[in-house]
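Colleague: Below is the file start_9.txt, with compact mmCIF, C-alpha atoms and all ligand atoms.
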```
# COMPACT_ATOMS: atom_id res chain seq x y z
CA MET K 175 6.47 -11.04 0.16
CA ALA K 176 8.80 -8.07 0.07
CA ILE K 177 11.10 -7.67 -2.92
CA THR K 178 14.66 -7.80 -1.65
CA SER K 179 17.85 -7.20 -3.52
CA PHE K 180 19.29 -10.09 -5.43
CA THR K 181 22.36 -11.82 -4.11
CA SER K 182 24.38 -11.69 -7.30
CA PRO K 183 27.67 -9.89 -6.66
CA VAL K 184 27.51 -8.36 -10.14
CA SER K 185 24.28 -6.47 -10.44
CA ALA K 186 22.82 -3.54 -12.25
CA SER K 187 19.97 -1.32 -11.15
CA LEU K 188 16.71 -1.34 -13.08
CA ARG K 189 13.65 0.84 -12.56
CA ARG K 190 10.60 -1.20 -13.40
CA PRO K 191 7.52 0.49 -14.89
CA GLN K 192 5.72 0.30 -11.53
CA GLY K 193 8.47 2.40 -10.02
CA ARG K 194 9.99 -0.34 -7.86
CA VAL K 195 13.75 -0.32 -7.87
CA VAL K 196 15.29 -3.77 -7.93
CA ASP K 197 18.73 -5.15 -8.59
CA VAL K 198 19.07 -7.65 -11.37
CA PRO K 199 21.85 -10.14 -11.87
CA THR K 200 23.69 -9.86 -15.15
CA ALA K 201 23.54 -13.63 -15.80
CA VAL K 202 20.81 -14.30 -18.32
CA ARG K 203 18.74 -17.48 -17.97
CA LYS K 204 17.43 -19.05 -21.14
CA VAL K 205 13.81 -20.15 -20.84
CA ALA K 206 11.99 -22.84 -22.83
CA LEU K 207 8.22 -22.80 -22.64
CA LEU K 208 6.16 -25.99 -22.97
CA GLY K 209 2.58 -25.08 -23.81
CA PHE K 210 1.29 -21.91 -25.47
CA GLY K 211 -2.30 -21.78 -24.21
CA THR K 212 -3.89 -19.17 -21.93
CA VAL K 213 -1.12 -19.18 -19.33
CA GLY K 214 1.76 -20.02 -21.69
CA SER K 215 1.03 -17.09 -23.98
CA ALA K 216 0.64 -14.77 -20.97
CA VAL K 217 4.06 -15.89 -19.68
CA ALA K 218 5.57 -15.35 -23.14
CA GLU K 219 4.09 -11.86 -23.24
CA ILE K 220 5.75 -10.92 -19.95
CA LEU K 221 9.08 -12.41 -21.03
CA CYS K 222 8.93 -10.67 -24.42
CA SER K 223 8.16 -7.34 -22.72
CA LYS K 224 11.81 -7.32 -21.52
CA THR K 225 10.69 -6.23 -18.07
CA PHE K 226 13.07 -8.89 -16.75
CA PRO K 227 16.24 -8.84 -18.87
CA GLN K 228 17.67 -11.74 -16.90
CA LEU K 229 15.00 -14.02 -18.42
CA GLN K 230 15.33 -14.72 -22.13
CA LEU K 231 12.65 -16.72 -23.91
CA THR K 232 14.46 -19.00 -26.37
CA TYR K 233 12.03 -21.84 -27.22
CA ILE K 234 8.29 -22.37 -27.41
CA PHE K 235 7.02 -25.94 -27.64
CA ASN K 236 3.43 -26.76 -28.58
CA ARG K 237 1.73 -29.52 -30.51
CA ASN K 238 0.85 -28.36 -34.06
CA VAL K 239 2.97 -25.34 -33.34
CA ALA K 240 2.40 -23.67 -36.72
CA ARG K 241 -1.09 -22.51 -35.75
CA LYS K 242 0.25 -20.94 -32.55
CA ARG K 243 2.88 -18.57 -33.96
CA GLN K 244 2.45 -14.94 -32.93
CA PRO K 245 3.99 -11.91 -34.65
CA TRP K 246 4.83 -10.25 -31.32
CA VAL K 247 7.22 -13.06 -30.35
CA PRO K 248 10.79 -12.03 -31.38
CA SER K 249 12.14 -13.85 -34.42
CA ASP K 250 15.04 -15.38 -32.47
CA VAL K 251 12.63 -17.45 -30.38
CA ARG K 252 12.43 -20.97 -31.84
CA TRP K 253 9.02 -22.64 -32.21
CA THR K 254 8.95 -26.42 -32.14
CA ASP K 255 6.66 -29.40 -31.67
CA ASN K 256 9.56 -31.75 -30.98
CA ILE K 257 10.39 -32.14 -27.28
CA GLU K 258 13.88 -33.40 -28.19
CA ASP K 259 14.68 -29.87 -29.42
CA ILE K 260 14.02 -28.56 -25.91
CA LEU K 261 15.83 -31.33 -24.06
CA ALA K 262 18.90 -31.01 -26.28
CA SER K 263 18.87 -27.20 -26.19
CA ASP K 264 20.94 -24.89 -24.00
CA ALA K 265 17.82 -23.72 -22.12
CA ASP K 266 18.52 -23.24 -18.41
CA VAL K 267 14.89 -23.52 -17.35
CA VAL K 268 11.95 -25.47 -18.73
CA VAL K 269 8.54 -23.99 -17.93
CA GLU K 270 5.76 -26.56 -18.20
CA LEU K 271 2.25 -25.20 -18.82
CA MET K 272 0.72 -28.09 -20.76
CA GLY K 273 -1.07 -29.72 -17.84
CA GLY K 274 -1.88 -33.40 -17.34
CA LEU K 275 0.24 -36.21 -15.95
CA ASP K 276 1.60 -37.61 -19.21
CA PRO K 277 3.77 -36.78 -20.97
CA ALA K 278 4.43 -33.73 -18.77
CA GLY K 279 5.86 -35.81 -15.91
CA GLU K 280 8.21 -37.81 -18.11
CA TRP K 281 9.44 -34.72 -19.95
CA LEU K 282 10.08 -32.75 -16.76
CA GLU K 283 12.05 -35.63 -15.31
CA LEU K 284 14.14 -35.75 -18.50
CA ALA K 285 14.63 -31.97 -18.34
CA LEU K 286 15.89 -32.21 -14.74
CA ARG K 287 18.21 -35.06 -15.67
CA ALA K 288 19.48 -32.91 -18.55
CA GLY K 289 20.52 -30.32 -15.94
CA LYS K 290 17.66 -27.88 -16.45
CA CYS K 291 15.63 -26.24 -13.72
CA VAL K 292 11.88 -26.70 -13.94
CA VAL K 293 9.00 -24.34 -13.27
CA THR K 294 5.48 -25.71 -13.55
CA ALA K 295 1.89 -24.72 -12.83
CA ASN K 296 0.77 -28.35 -13.09
CA LYS K 297 -1.07 -29.12 -9.84
CA HIS K 298 -2.16 -32.56 -10.97
CA LEU K 299 1.45 -33.56 -11.65
CA ILE K 300 2.91 -31.98 -8.50
CA ALA K 301 0.18 -33.42 -6.27
CA THR K 302 0.75 -36.87 -7.77
CA ARG K 303 4.50 -37.02 -8.48
CA GLY K 304 5.88 -33.92 -6.78
CA GLN K 305 8.04 -35.73 -4.24
CA GLU K 306 9.50 -38.03 -6.87
CA LEU K 307 10.37 -35.09 -9.16
CA ALA K 308 11.74 -33.17 -6.18
CA ARG K 309 14.11 -36.07 -5.48
CA VAL K 310 15.37 -35.98 -9.08
CA ALA K 311 15.82 -32.20 -8.84
CA HIS K 312 17.71 -32.66 -5.60
CA GLN K 313 19.89 -35.40 -7.08
CA TYR K 314 20.86 -33.18 -10.03
CA GLY K 315 21.19 -30.00 -7.94
CA ARG K 316 18.46 -28.23 -9.90
CA ARG K 317 15.40 -26.33 -8.80
CA LEU K 318 11.81 -27.44 -9.17
CA GLU K 319 9.37 -24.57 -8.58
CA TYR K 320 5.58 -24.81 -8.65
CA GLY K 321 4.26 -21.67 -6.97
CA ALA K 322 1.70 -21.22 -9.77
CA SER K 323 0.15 -24.63 -9.09
CA VAL K 324 -1.95 -23.41 -6.17
CA ALA K 325 -4.15 -20.28 -6.14
CA GLY K 326 -2.77 -18.77 -9.38
CA GLY K 327 -1.56 -15.26 -8.67
CA VAL K 328 -1.87 -15.55 -4.88
CA PRO K 329 1.52 -16.64 -3.55
CA VAL K 330 0.13 -19.00 -0.90
CA LEU K 331 2.83 -21.67 -1.19
CA ASN K 332 5.57 -19.12 -0.52
CA ALA K 333 3.43 -17.72 2.28
CA VAL K 334 3.02 -21.00 4.16
CA ALA K 335 6.52 -22.28 3.31
CA ALA K 336 8.41 -19.12 4.25
CA GLY K 337 6.25 -16.30 5.59
CA LEU K 338 4.48 -18.49 8.14
CA ALA K 339 7.32 -20.95 8.75
CA GLY K 340 7.52 -19.72 12.33
CA ASP K 341 4.01 -20.84 13.19
CA PRO K 342 2.91 -24.48 13.36
CA LEU K 343 -0.24 -24.40 11.24
CA LEU K 344 -3.33 -26.03 12.66
CA ARG K 345 -5.93 -25.39 9.99
CA LEU K 346 -6.40 -24.19 6.39
CA GLN K 347 -9.63 -23.14 4.80
CA GLY K 348 -9.90 -21.73 1.33
CA VAL K 349 -11.48 -21.28 -2.05
CA LEU K 350 -8.91 -22.79 -4.40
CA ASN K 351 -10.74 -23.16 -7.71
CA GLY K 352 -11.43 -20.05 -9.77
CA THR K 353 -13.88 -21.77 -12.11
CA CYS K 354 -16.17 -22.98 -9.30
CA ASN K 355 -15.89 -19.60 -7.65
CA TYR K 356 -16.83 -17.88 -10.89
CA ILE K 357 -19.82 -20.20 -11.30
CA LEU K 358 -21.09 -19.95 -7.72
CA SER K 359 -20.52 -16.22 -7.22
CA ASN K 360 -22.26 -15.42 -10.51
CA MET K 361 -25.16 -17.78 -9.88
CA ASP K 362 -25.63 -15.85 -6.64
CA ALA K 363 -24.94 -12.26 -7.71
CA LYS K 364 -26.28 -12.30 -11.28
CA GLY K 365 -28.75 -15.17 -11.21
CA LEU K 366 -26.85 -17.02 -13.97
CA SER K 367 -27.61 -20.68 -14.52
CA PHE K 368 -24.85 -23.20 -13.82
CA GLU K 369 -24.36 -23.78 -17.54
CA GLU K 370 -24.19 -20.07 -18.41
CA ALA K 371 -21.65 -19.40 -15.67
CA LEU K 372 -19.51 -22.40 -16.66
CA GLN K 373 -19.49 -21.29 -20.30
CA GLN K 374 -18.32 -17.83 -19.26
CA ALA K 375 -15.59 -19.29 -17.04
CA GLN K 376 -14.41 -21.41 -19.97
CA ALA K 377 -14.44 -18.43 -22.34
CA LEU K 378 -12.37 -16.43 -19.85
CA GLY K 379 -9.74 -19.19 -19.75
CA TYR K 380 -10.28 -20.23 -16.12
CA ALA K 381 -11.51 -23.80 -16.59
CA GLU K 382 -9.42 -26.93 -17.07
CA ALA K 383 -9.42 -28.64 -20.49
CA ASP K 384 -11.94 -31.00 -18.92
CA PRO K 385 -14.03 -28.71 -16.66
CA SER K 386 -15.40 -31.68 -14.76
CA ASP K 387 -12.08 -31.63 -12.85
CA ASP K 388 -13.04 -28.14 -11.62
CA VAL K 389 -16.68 -28.94 -10.92
CA ASN K 390 -16.18 -32.24 -9.13
CA GLY K 391 -13.42 -30.93 -6.87
CA VAL K 392 -10.45 -32.86 -8.34
CA ASP K 393 -8.58 -29.65 -9.25
CA ALA K 394 -9.04 -28.21 -5.76
CA ALA K 395 -8.13 -31.56 -4.16
CA CYS K 396 -4.78 -31.51 -6.02
CA LYS K 397 -4.15 -27.97 -4.78
CA LEU K 398 -5.15 -28.89 -1.24
CA ALA K 399 -2.79 -31.89 -1.31
CA ILE K 400 0.12 -29.63 -2.33
CA LEU K 401 -0.82 -27.01 0.26
CA ALA K 402 -1.21 -29.62 2.99
CA GLN K 403 2.22 -31.04 2.29
CA THR K 404 3.81 -27.59 2.28
CA SER K 405 1.94 -26.48 5.40
CA PHE K 406 2.02 -29.62 7.52
CA GLY K 407 4.99 -31.56 6.11
CA LEU K 408 2.78 -34.60 5.51
CA SER K 409 2.28 -36.30 2.18
CA VAL K 410 -1.27 -36.70 0.86
CA ALA K 411 -2.45 -38.15 -2.45
CA PRO K 412 -5.29 -36.16 -4.05
CA GLN K 413 -7.37 -39.35 -4.27
CA GLN K 414 -7.32 -39.52 -0.47
CA ILE K 415 -9.16 -36.21 -0.24
CA LEU K 416 -12.90 -36.42 -0.03
CA ALA K 417 -14.26 -34.24 -2.85
CA ARG K 418 -17.91 -33.47 -3.57
CA SER K 419 -19.22 -31.85 -6.73
CA ILE K 420 -20.86 -28.42 -7.00
CA LEU K 421 -23.34 -29.92 -9.48
CA GLY K 422 -26.92 -29.89 -8.25
CA ILE K 423 -26.82 -26.48 -6.54
CA THR K 424 -29.92 -24.50 -7.52
CA ALA K 425 -31.18 -20.91 -7.29
CA GLU K 426 -33.37 -22.08 -4.38
CA ASP K 427 -30.27 -23.01 -2.39
CA PHE K 428 -28.85 -19.50 -2.88
CA GLN K 429 -32.20 -17.99 -1.83
CA GLN K 430 -32.19 -20.01 1.37
CA ALA K 431 -28.59 -19.05 2.04
CA ARG K 432 -29.23 -15.34 1.38
CA LYS K 433 -32.07 -15.24 3.92
CA ARG K 434 -29.52 -16.19 6.55
CA ALA K 435 -26.72 -13.86 5.33
CA LEU K 436 -24.95 -16.88 3.83
CA THR K 437 -23.78 -17.77 0.34
CA ILE K 438 -22.29 -20.91 -1.27
CA ARG K 439 -18.67 -21.54 -2.18
CA GLN K 440 -16.52 -24.57 -3.01
CA VAL K 441 -14.51 -24.77 0.22
CA SER K 442 -11.26 -26.68 0.66
CA SER K 443 -10.50 -27.51 4.27
CA ALA K 444 -7.59 -29.12 6.07
CA GLU K 445 -6.90 -29.52 9.76
CA ARG K 446 -4.46 -31.38 11.90
CA THR K 447 -5.93 -34.29 13.80
CA LYS K 448 -4.34 -36.31 16.57
CA ASP K 449 -3.07 -38.86 14.06
CA GLY K 450 -2.81 -36.96 10.77
CA LEU K 451 -5.02 -34.68 8.71
CA ARG K 452 -8.71 -34.16 8.01
CA LEU K 453 -9.24 -32.91 4.46
CA SER K 454 -12.19 -32.17 2.24
CA VAL K 455 -13.30 -30.20 -0.82
CA GLN K 456 -17.00 -29.51 -0.78
CA PRO K 457 -19.60 -26.89 -1.70
CA THR K 458 -20.45 -25.20 1.57
CA MET K 459 -22.67 -22.43 2.88
CA VAL K 460 -20.45 -19.68 4.27
CA ARG K 461 -21.14 -16.27 5.78
CA SER K 462 -21.47 -13.66 3.02
CA ASP K 463 -19.36 -11.20 5.00
CA ALA K 464 -16.58 -13.70 5.79
CA PRO K 465 -13.39 -13.96 3.66
CA LEU K 466 -14.66 -17.18 2.06
CA GLY K 467 -17.94 -15.53 1.09
CA GLN K 468 -16.36 -12.32 -0.15
CA VAL K 469 -14.34 -13.81 -3.02
CA ARG K 470 -15.93 -13.24 -6.44
CA ASP K 471 -15.33 -14.40 -9.99
CA ASN K 472 -11.92 -16.01 -10.47
CA GLN K 473 -10.64 -15.04 -7.04
CA ASN K 474 -9.19 -17.49 -4.53
CA VAL K 475 -8.70 -17.07 -0.81
CA LEU K 476 -6.78 -18.97 1.85
CA VAL K 477 -7.30 -18.53 5.57
CA THR K 478 -4.59 -20.14 7.68
CA THR K 479 -4.82 -20.67 11.41
CA GLY K 480 -1.55 -20.99 13.28
CA GLN K 481 -0.74 -21.95 16.83
CA TRP K 482 0.86 -18.62 17.70
CA GLY K 483 -0.24 -16.18 15.03
CA GLY K 484 -3.91 -17.04 14.71
CA GLU K 485 -5.67 -16.31 11.43
CA THR K 486 -3.93 -14.96 8.34
CA ILE K 487 -5.78 -14.30 5.08
CA PHE K 488 -4.43 -14.36 1.51
CA ALA K 489 -6.67 -13.43 -1.40
CA GLY K 490 -6.46 -12.48 -5.07
CA ARG K 491 -6.95 -13.83 -8.56
CA GLY K 492 -6.61 -17.58 -8.56
CA ALA K 493 -7.13 -18.45 -12.22
CA GLY K 494 -6.55 -16.90 -15.63
CA GLY K 495 -3.60 -16.04 -17.84
CA GLY K 496 -2.28 -12.84 -16.25
CA PRO K 497 -2.31 -13.80 -12.55
CA THR K 498 -0.99 -17.32 -13.15
CA ALA K 499 1.72 -15.99 -15.46
CA VAL K 500 2.87 -13.64 -12.71
CA ALA K 501 3.28 -16.63 -10.38
CA VAL K 502 5.27 -18.49 -13.07
CA VAL K 503 7.53 -15.50 -13.77
CA SER K 504 8.07 -15.01 -10.02
CA ASP K 505 9.26 -18.63 -9.84
CA LEU K 506 11.52 -17.99 -12.84
CA LEU K 507 13.05 -15.03 -11.04
CA ALA K 508 13.66 -17.24 -7.98
CA VAL K 509 15.40 -19.74 -10.25
CA ALA K 510 17.43 -16.94 -11.87
CA ARG K 511 18.62 -15.86 -8.44
CA HIS K 512 19.63 -19.34 -7.27
CA HIS K 513 19.94 -21.55 -10.27
CA ASP K 514 21.57 -24.56 -8.72
CA SER K 515 21.02 -24.13 -5.03
CA GLY K 516 18.00 -24.56 -2.88
CA ALA K 517 16.94 -27.44 -5.13
CA ALA K 518 13.30 -28.32 -4.71
CA ARG K 519 10.92 -26.79 -2.22
CA ALA K 520 8.96 -30.00 -1.60
CA HIS K 521 9.50 -31.92 1.61
CA LEU K 522 11.53 -34.72 0.10
CA ASP K 523 10.85 -37.11 2.90
CA ALA K 524 7.39 -36.02 4.03
CA PRO K 525 5.79 -39.05 5.67
CA ASP K 526 2.38 -40.19 4.48
CA ALA K 527 -0.48 -38.58 6.37
CA GLN K 528 -3.22 -40.61 7.95
CA VAL K 529 -6.18 -38.98 6.24
CA GLU K 530 -9.73 -38.52 7.42
CA GLY K 531 -12.51 -36.78 5.51
CA ASP K 532 -15.78 -35.09 6.41
CA PHE K 533 -15.86 -32.32 8.98
CA VAL K 534 -18.61 -32.21 11.61
CA ARG K 535 -20.73 -29.16 10.76
CA PRO K 536 -24.34 -27.96 10.77
CA HIS K 537 -26.04 -28.76 7.46
CA TYR K 538 -28.66 -27.37 5.13
CA LEU K 539 -30.98 -29.87 3.48
CA ARG K 540 -33.32 -29.46 0.51
CA ALA K 541 -35.82 -32.23 -0.12
CA GLN K 542 -39.13 -32.69 -1.85
CA SER K 543 -42.08 -31.45 0.17
CA ALA K 544 -43.88 -34.71 -0.56
CA GLU K 545 -41.14 -36.54 1.34
CA PHE K 546 -41.35 -34.31 4.41
CA ALA K 547 -42.54 -36.97 6.84
CA GLU K 548 -40.04 -39.51 5.57
CA VAL K 549 -37.14 -37.03 5.85
CA MET K 550 -38.06 -36.00 9.38
CA HIS K 551 -38.42 -39.60 10.45
CA ALA K 552 -35.07 -40.58 8.92
CA LEU K 553 -33.29 -37.66 10.61
CA GLU K 554 -34.84 -38.49 13.98
CA CYS K 555 -33.92 -42.17 13.65
CA ALA K 556 -30.31 -41.16 12.91
CA GLY K 557 -30.23 -38.86 15.94
CA ILE K 558 -29.59 -35.77 13.78
CA GLN K 559 -30.84 -32.63 15.49
CA ILE K 560 -33.30 -30.48 13.52
CA GLU K 561 -32.69 -26.77 14.13
CA GLU K 562 -35.27 -25.21 11.81
CA SER K 563 -38.46 -26.30 10.06
CA SER K 564 -39.72 -28.27 13.00
CA GLY K 565 -43.25 -28.45 11.57
CA PRO K 566 -44.89 -28.56 8.14
CA SER K 567 -46.18 -24.99 8.54
CA ARG K 568 -42.61 -23.72 8.46
CA TRP K 569 -41.55 -25.72 5.45
CA GLU K 570 -41.19 -23.71 2.29
CA LYS K 571 -43.03 -25.30 -0.58
CA ALA K 572 -42.10 -23.17 -3.58
CA ASN K 573 -41.43 -25.49 -6.50
CA GLY K 574 -42.26 -28.42 -4.32
CA SER K 575 -39.08 -28.12 -2.29
CA ALA K 576 -38.75 -28.27 1.47
CA PHE K 577 -35.82 -26.90 3.43
CA VAL K 578 -34.43 -27.88 6.79
CA PHE K 579 -31.39 -26.88 8.81
CA VAL K 580 -29.85 -29.49 11.09
CA GLY K 581 -27.23 -29.38 13.82
CA ASP K 582 -23.69 -30.73 13.82
CA CYS K 583 -23.14 -33.92 11.83
CA THR K 584 -21.02 -35.16 8.94
CA THR K 585 -22.30 -35.11 5.37
CA ALA K 586 -21.74 -38.87 5.35
CA ALA K 587 -24.09 -39.22 8.35
CA LEU K 588 -26.80 -37.31 6.47
CA GLU K 589 -26.22 -39.39 3.34
CA SER K 590 -26.54 -42.53 5.39
CA ALA K 591 -29.69 -41.30 7.17
CA LEU K 592 -31.39 -40.45 3.86
CA LYS K 593 -30.12 -43.40 1.81
CA ASN K 594 -33.59 -44.89 1.45
CA LEU K 595 -35.05 -41.78 -0.18
CA GLY K 596 -35.07 -41.62 -3.98
CA SER K 597 -31.64 -40.70 -5.27
CA GLY K 598 -31.56 -37.09 -6.45
CA SER K 599 -34.65 -36.24 -4.42
CA TRP K 600 -32.61 -34.37 -1.80
CA PHE K 601 -29.47 -32.26 -1.61
CA CYS K 602 -27.38 -31.05 1.32
CA LEU K 603 -24.58 -28.63 2.08
CA PRO K 604 -22.51 -28.18 5.23
CA ILE K 605 -22.53 -24.71 6.82
CA CYS K 606 -19.41 -22.84 7.98
CA ARG K 607 -20.43 -19.97 10.23
N1 LIG I 701 -9.03 -24.47 -13.54
C1 LIG I 701 -8.28 -23.85 -12.50
C2 LIG I 701 -9.21 -22.99 -11.67
C3 LIG I 701 -7.18 -23.03 -13.09
O1 LIG I 701 -10.31 -22.71 -12.15
O2 LIG I 701 -8.86 -22.62 -10.56
C4 LIG I 701 -6.22 -22.48 -12.09
O3 LIG I 701 -5.57 -23.49 -11.38
```
Could you render the structure as structure tokens?
Ligand code: HSE

Modeller:
Amino acid sequence: MAITSFTSPVSASLRRPQGRVVDVPTAVRKVALLGFGTVGSAVAEILCSKTFPQLQLTYIFNRNVARKRQPWVPSDVRWTDNIEDILASDADVVVELMGGLDPAGEWLELALRAGKCVVTANKHLIATRGQELARVAHQYGRRLEYGASVAGGVPVLNAVAAGLAGDPLLRLQGVLNGTCNYILSNMDAKGLSFEEALQQAQALGYAEADPSDDVNGVDAACKLAILAQTSFGLSVAPQQILARSILGITAEDFQQARKRALTIRQVSSAERTKDGLRLSVQPTMVRSDAPLGQVRDNQNVLVTTGQWGGETIFAGRGAGGGPTAVAVVSDLLAVARHHDSGAARAHLDAPDAQVEGDFVRPHYLRAQSAEFAEVMHALECAGIQIEESSGPSRWEKANGSAFVFVGDCTTAALESALKNLGSGSWFCLPICR
């Protein structure tokens, strides 16, 4: 989004290092930071750089705070591990970067009730209690901003809420988890094992405290729920979103994909249906040259499809300290501009969506060669059309695996068709061409 001049009647001109000229209001907003991990310390670094004189870091809260102290933080910033210090302070804005539902939710509600604005990157909390917190913010005339909760440094919430407000959105498709993207793109490009890639993603600060939330799709489902509400004005609980894990993907699956100019990504999808929304988070084969296949490492991408404007693509770094901190500081600047107006961005009264899962798509299937006849029979009985590997001579038998590509069906239909085969003896992925 373009940088426009601030609305403050009293403003001074500042030339930022990048050379952009912006106006800054003279009112200084005091900022209290909850959480001094990867993102929290990156936010503190930006605030301490004095690039934005209207934002003054005054408090840092962290459990066992003594071990967190940094010499580059100015001495007038107070370090505390007592939340009461923050709630009773004169901070104008509380920035929550601790993650988790509790106690973050309770503390943010108390902060709003104490007259403070809130900025958070906590997708789990916003997806679960966002509307409730937005109502409190509205009641107290304070702002609740959570632009960093979806896609890190890619401002997709602002994009769908404001930039695309003129287009009724029909469909969203994206890669919304940097950790899964790091794992899958590096398994493909560098031949890393799942474990090696996950360890690297953790070391780089991309993964959640419990990385199973990344791997099993819970993190992306929270982001998709927030995006869906912002894009479609319908409320969705993350638990309503069908999420499938990226566990179980092997080098063989990437080989099969590569032969067909495809790769594998964790894809989050949402589309309007007649009665509500269809939503899923699922590892999917995508075209290597398509936006979904082009994102590498910690990048995220969102492709929106609107009724009038067609496709629009947003991409960039979706996880990690720097990019996420930029999203947080951008929200802080929005709060500094309009401290007590605008209240919360969430649709306060978004009705509950009727949710369906599982998109109808062609699928890739890996099974054990020994079970070839059984697989073929099960697919035929279920009426699932086989597009490739119509005879044993065309089955690939390296490592005892067999591969088949089938026509349009849901993953649930495949699961049901193959339910009598040994569990773990087969694996499937939908294909987005
Ligand atoms: N664990 C998250 C991810 C962090 O990998 O995308 C950013 O939300």

Colleague: Kindly assemble as CSV a list of the chain K residues that lie within 8 Å of ligand LIG 701 (chain I), each paired with its nearest atom pair and their distance in Å to one decimal, using only C-alpha atoms and all ligand atoms, sorted first by chain and then by ascending residue number.

Modeller:
```
residue,atom,partner,partner_atom,distance
K:Ala295,CA,I:LIG701,O3,7.7
K:Lys297,CA,I:LIG701,O3,7.4
K:Ala322,CA,I:LIG701,O3,7.8
K:Ser323,CA,I:LIG701,O3,6.3
K:Val324,CA,I:LIG701,O3,6.3
K:Ala325,CA,I:LIG701,O3,6.3
K:Gly326,CA,I:LIG701,C4,5.7
K:Leu350,CA,I:LIG701,O2,6.2
K:Asn351,CA,I:LIG701,O2,3.5
K:Gly352,CA,I:LIG701,O2,3.7
K:Thr353,CA,I:LIG701,O1,3.7
K:Cys354,CA,I:LIG701,O1,6.5
K:Asn355,CA,I:LIG701,O1,7.8
K:Ala375,CA,I:LIG701,O1,8.0
K:Tyr380,CA,I:LIG701,O1,4.7
K:Ala381,CA,I:LIG701,N1,4.0
K:Glu382,CA,I:LIG701,N1,4.3
K:Pro385,CA,I:LIG701,N1,7.3
K:Asp387,CA,I:LIG701,N1,7.8
K:Asp388,CA,I:LIG701,N1,5.8
K:Asp393,CA,I:LIG701,C1,6.7
K:Ala394,CA,I:LIG701,O2,7.4
K:Asn472,CA,I:LIG701,O1,7.1
K:Asn474,CA,I:LIG701,O2,7.9
K:Gly492,CA,I:LIG701,O2,5.9
K:Ala493,CA,I:LIG701,C4,4.1
K:Gly494,CA,I:LIG701,C4,6.6
K:Thr498,CA,I:LIG701,C4,7.4
```

Colleague: Nearest to K:Ile605 among K:Val477, K:Leu507, K:Leu453, K:Leu539, with distances taken over only C-alpha atoms: which residue is it?

Modeller: K:Leu539

Colleague: Using all atoms listed in the file, determine which residues lie at most 12 Å from K:Leu421, disregarding the query and same-chain residues fewer than 3 positions distant; provide the list as a list of chain:residue names.

Modeller: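 Non-adjacent residues within range: K:Cys354, K:Ile357, K:Leu358, K:Ser367, K:Phe368, K:Glu369, K:Leu372, K:Pro385, K:Ser386, K:Asp387, K:Asp388, K:Val389, K:Asn390, K:Gly391, K:Arg418, K:Thr424, K:Gln440, K:Gln456, K:Pro457, K:Gly598, K:Phe601, K:Cys602, K:Leu603.
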
Colleague: Since we have the selection now, will you write its residues out, keeping C-alpha atoms, as a PDB file, in the coordinates of the input?

Modeller:
```
ATOM      1  CA  CYS K 354     -16.170 -22.980  -9.300  1.00  0.00           C
ATOM      2  CA  ILE K 357     -19.820 -20.200 -11.300  1.00  0.00           C
ATOM      3  CA  LEU K 358     -21.090 -19.950  -7.720  1.00  0.00           C
ATOM      4  CA  SER K 367     -27.610 -20.680 -14.520  1.00  0.00           C
ATOM      5  CA  PHE K 368     -24.850 -23.200 -13.820  1.00  0.00           C
ATOM      6  CA  GLU K 369     -24.360 -23.780 -17.540  1.00  0.00           C
ATOM      7  CA  LEU K 372     -19.510 -22.400 -16.660  1.00  0.00           C
ATOM      8  CA  PRO K 385     -14.030 -28.710 -16.660  1.00  0.00           C
ATOM      9  CA  SER K 386     -15.400 -31.680 -14.760  1.00  0.00           C
ATOM     10  CA  ASP K 387     -12.080 -31.630 -12.850  1.00  0.00           C
ATOM     11  CA  ASP K 388     -13.040 -28.140 -11.620  1.00  0.00           C
ATOM     12  CA  VAL K 389     -16.680 -28.940 -10.920  1.00  0.00           C
ATOM     13  CA  ASN K 390     -16.180 -32.240  -9.130  1.00  0.00           C
ATOM     14  CA  GLY K 391     -13.420 -30.930  -6.870  1.00  0.00           C
ATOM     15  CA  ARG K 418     -17.910 -33.470  -3.570  1.00  0.00           C
ATOM     16  CA  THR K 424     -29.920 -24.500  -7.520  1.00  0.00           C
ATOM     17  CA  GLN K 440     -16.520 -24.570  -3.010  1.00  0.00           C
ATOM     18  CA  GLN K 456     -17.000 -29.510  -0.780  1.00  0.00           C
ATOM     19  CA  PRO K 457     -19.600 -26.890  -1.700  1.00  0.00           C
ATOM     20  CA  GLY K 598     -31.560 -37.090  -6.450  1.00  0.00           C
ATOM     21  CA  PHE K 601     -29.470 -32.260  -1.610  1.00  0.00           C
ATOM     22  CA  CYS K 602     -27.380 -31.050   1.320  1.00  0.00           C
ATOM     23  CA  LEU K 603     -24.580 -28.630   2.080  1.00  0.00           C
TER      24      LEU K 603
END
```

Colleague: Calculate how many Å separate atom CA of K:Gly422 from atom CA of K:Arg535, rounding to one decimal.

Modeller: 20.0 Å

Colleague: Ranking K:His312, K:Arg439, K:Lys224, K:Arg470 by minimum distance to K:Gly289 and counting all atoms listed in the file, which one comes first?

Modeller: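 Using all atoms listed in the file, K:Gly289 sits closest to K:His312.
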
Colleague: So, counting only C-alpha atoms, which residue among K:Pro412, K:Gly490, K:Gly211, K:Pro497 is closest to K:Gln468?

Modeller: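 Nearest to K:Gln468: K:Gly490.
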